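Shown next, in structure tokens, is the structure this report addresses.
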Amino acid sequence: MTPADYKATLSFTNGAKSLDLPVYKGTIGPDVVDIRKLYNETGVFTYDPGFMSTAACNSTITYIDGDKGELLYRGYPIEQLAQNCDFLETAYLLLNGELPTTPQLKEFDHTVMHHTMVHEQMQFFYRGFRRDAHPMAVLVGVVGALSSFYHDSLDINDPHHREVSAIRLIAKLPTLVAMAHKYNVGQPFIYPRNDLSYSANFMHMMFATPAEPYKTNDVLVRALDRILILHADHEQNASTSTVRLAGSSGANPFACIAAGIACLWGPAHGGANEAALNMLYDIQKHGGVEKIGEFITKVKDKNSSVKLMGFGHRVYKNYDPRAKLMRETCHEVLGELGLHDDPLFKLAMALEKIALEDDYFVSRKLYPNVDFYSGIVQKALGIPVSLFTGIFALARTVGWIAQWNEMISDPEQKIGRPRQLFVGSPVRDVVPIAKRSA
Ligand code: CMC
């Protein structure tokens, strides 16, 4: 880490000695004050629930400038990647730090596409679930279960093992997500086809049946590929931090990614795409565009707990660049399918316009995030609402793995162990039950 040419000094009003703290500079973004010695030297902790001001690691992978609405993977703007690269190219970049050359990409594609099958035993895990189980519940289980199949790649201190596990996870997630869908709808599982691209193969496993030939549509495959690119990584968000924290104890990568999937499921995080589409359905059901005003009033009411799903972000205080690209993709997909007049899309655009002009949202810098439009695109692709977050998990697996790998290779890596401000009872004696009063 590069030291800054200044220090921070922490002083106390209780007469305790003040403390100089080193400051480090990143290549871009805010400097950080290094507080690692704080407790040893002063006996106090810092307090930062929700990590509002805390950098938990140093990283070279993804950078977000929330004020500008900028997202960079390894320095490359997301707009350029979405325009020029496919998902596996982006995955290679996130994992290795550089964009691949043609032979490198060919080899990477070949390797990933030749690890797409899951152990035949895996289908019995699926058959143990209820047919109506939420796909995220299934995915937490089956991804965790992968660690029981691949004992040959579980030594996290061996870089080759880590690479093999990374490839397995990236290659098998589409198969597992598609199997979750097929199980839900009661159709036979469809085996992967390694001659197709990563995204085309996923569409094939989702929508083909043994009864008739299935031909993928290039526009729709490209739209899915773009969804995957836009969701591939997003710095130290809740699920990525979960993966890092789980991995910091030395847990195997399959278990760590299962932990990430569990965290992603929450409606404040990856579950927001599902929640956003359900919100649109709900407004539609109660009168559509005319009812937007009433809905916005509810959102602004502090006592209602209703949120405008797909709006707001901890880091972006400007339009989420992924939302812009997703809006564009939405136009392309609906155009291709002849659904220009899709009422949900119209409703979403009207809702966005009204919210962007409303002082409540303007003053809080609440803009659409990636989830606002991704649900409409996924619905148009034929993906059921309950699977939206599963698609997010599929894409984010690449980012999780890249971040996990970076953490394991970091010589400063330690088990993650936050401290607390204890506000419970001080020490007291147990009173025998017969003598306790209510
Ligand atoms: N609708 C209405 N009010 C909102 C919303 C929203 N979607 N988001 C934030 N606010 C208000 C919030 O009530 C608060 O108002 P006040 O200052 O009056 O108390 C203010 O804006 C600041 O919000 P916050 O909750 O302190 O912000 P946060 O950084 O803790 O939360 C968030 C960020 C994403 C959890 C939140 O904006 C939210 O719940 N959004 C809806 C869910 C969503 O779309 N999540 C997807 C995030 S992007 C994909 C991903 O990374 O997973």
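Chain identifiers are assigned as A, B, and so on, following the order in which chains appear in the structure tokens; residues are numbered from 1 within each chain, and ligands are numbered from 1 in order of appearance.
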Neighbouring residues of stretch 299-304 of chain A were defined as those with any atom within 12 Å, considering only C-alpha atoms; residues of the same chain fewer than 2 positions away were excluded. Please report them as a PyMOL selection string.
chain A and resi 279+292-297+306-309+311+355+358-361+364
Test item: residues at most 12 Å from A:His161, only C-alpha atoms, excluding those fewer than 5 positions along its chain, as a ChimeraX atom specification:
/A:150-156,166-168,252-253,405
Let me make sure I understand: among A:Lys353, A:Lys317, A:Arg436, A:Lys346, which one has the smallest atom-to-atom distance to ligand 1 if we use only C-alpha atoms and all ligand atoms?
A:Lys317
Residues within 10 Å of A:Gly270, only C-alpha atoms, excluding chain neighbours under 4 positions, as a list of chain:residue names
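The residues that qualify are A:His231, A:Ala238, A:Ser239, A:Ile261, A:Ala262, A:Cys263, A:Leu264, A:Trp265, A:Gly266, A:Glu274, A:Ala275, A:Val370, A:Asp371, A:Phe388, A:Thr389, A:Gly390, A:Ile391, A:Phe392, A:Ala393, A:Arg396.
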Write out as a list in words each polymer residue whose atoms come within 9 Å of A:Lys379, counting only C-alpha atoms; drop sequence neighbours fewer than 5 positions from it.
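Neighbouring residues, sequence-local ones excluded: Leu277, Ser374, Pro384, Val385 and Phe388 of chain A.
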Write to file, as an mmCIF file, in the first residue's frame, the residues of the selection just made, with N, CA and C atoms.
```cif
data_model
loop_
_atom_site.group_PDB
_atom_site.id
_atom_site.type_symbol
_atom_site.label_atom_id
_atom_site.label_comp_id
_atom_site.auth_asym_id
_atom_site.auth_seq_id
_atom_site.Cartn_x
_atom_site.Cartn_y
_atom_site.Cartn_z
ATOM 1 N N LEU A 277 -39.842 -6.276 -9.739
ATOM 2 C CA LEU A 277 -40.850 -6.715 -10.712
ATOM 3 C C LEU A 277 -42.196 -6.973 -10.010
ATOM 4 N N SER A 374 -33.648 -4.801 -14.826
ATOM 5 C CA SER A 374 -33.204 -6.158 -15.161
ATOM 6 C C SER A 374 -34.351 -7.166 -15.066
ATOM 7 N N PRO A 384 -38.456 -17.044 -15.143
ATOM 8 C CA PRO A 384 -39.478 -16.779 -14.116
ATOM 9 C C PRO A 384 -38.946 -15.853 -13.019
ATOM 10 N N VAL A 385 -39.852 -15.074 -12.457
ATOM 11 C CA VAL A 385 -39.471 -14.050 -11.475
ATOM 12 C C VAL A 385 -38.651 -14.648 -10.326
ATOM 13 N N PHE A 388 -34.835 -14.790 -10.834
ATOM 14 C CA PHE A 388 -34.030 -13.592 -11.138
ATOM 15 C C PHE A 388 -32.774 -13.527 -10.272
#
```
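Nearest residue to A:Met113, choosing from A:Tyr316, A:Phe345, A:Tyr6, A:Tyr198 and counting only C-alpha atoms: A:Tyr198.
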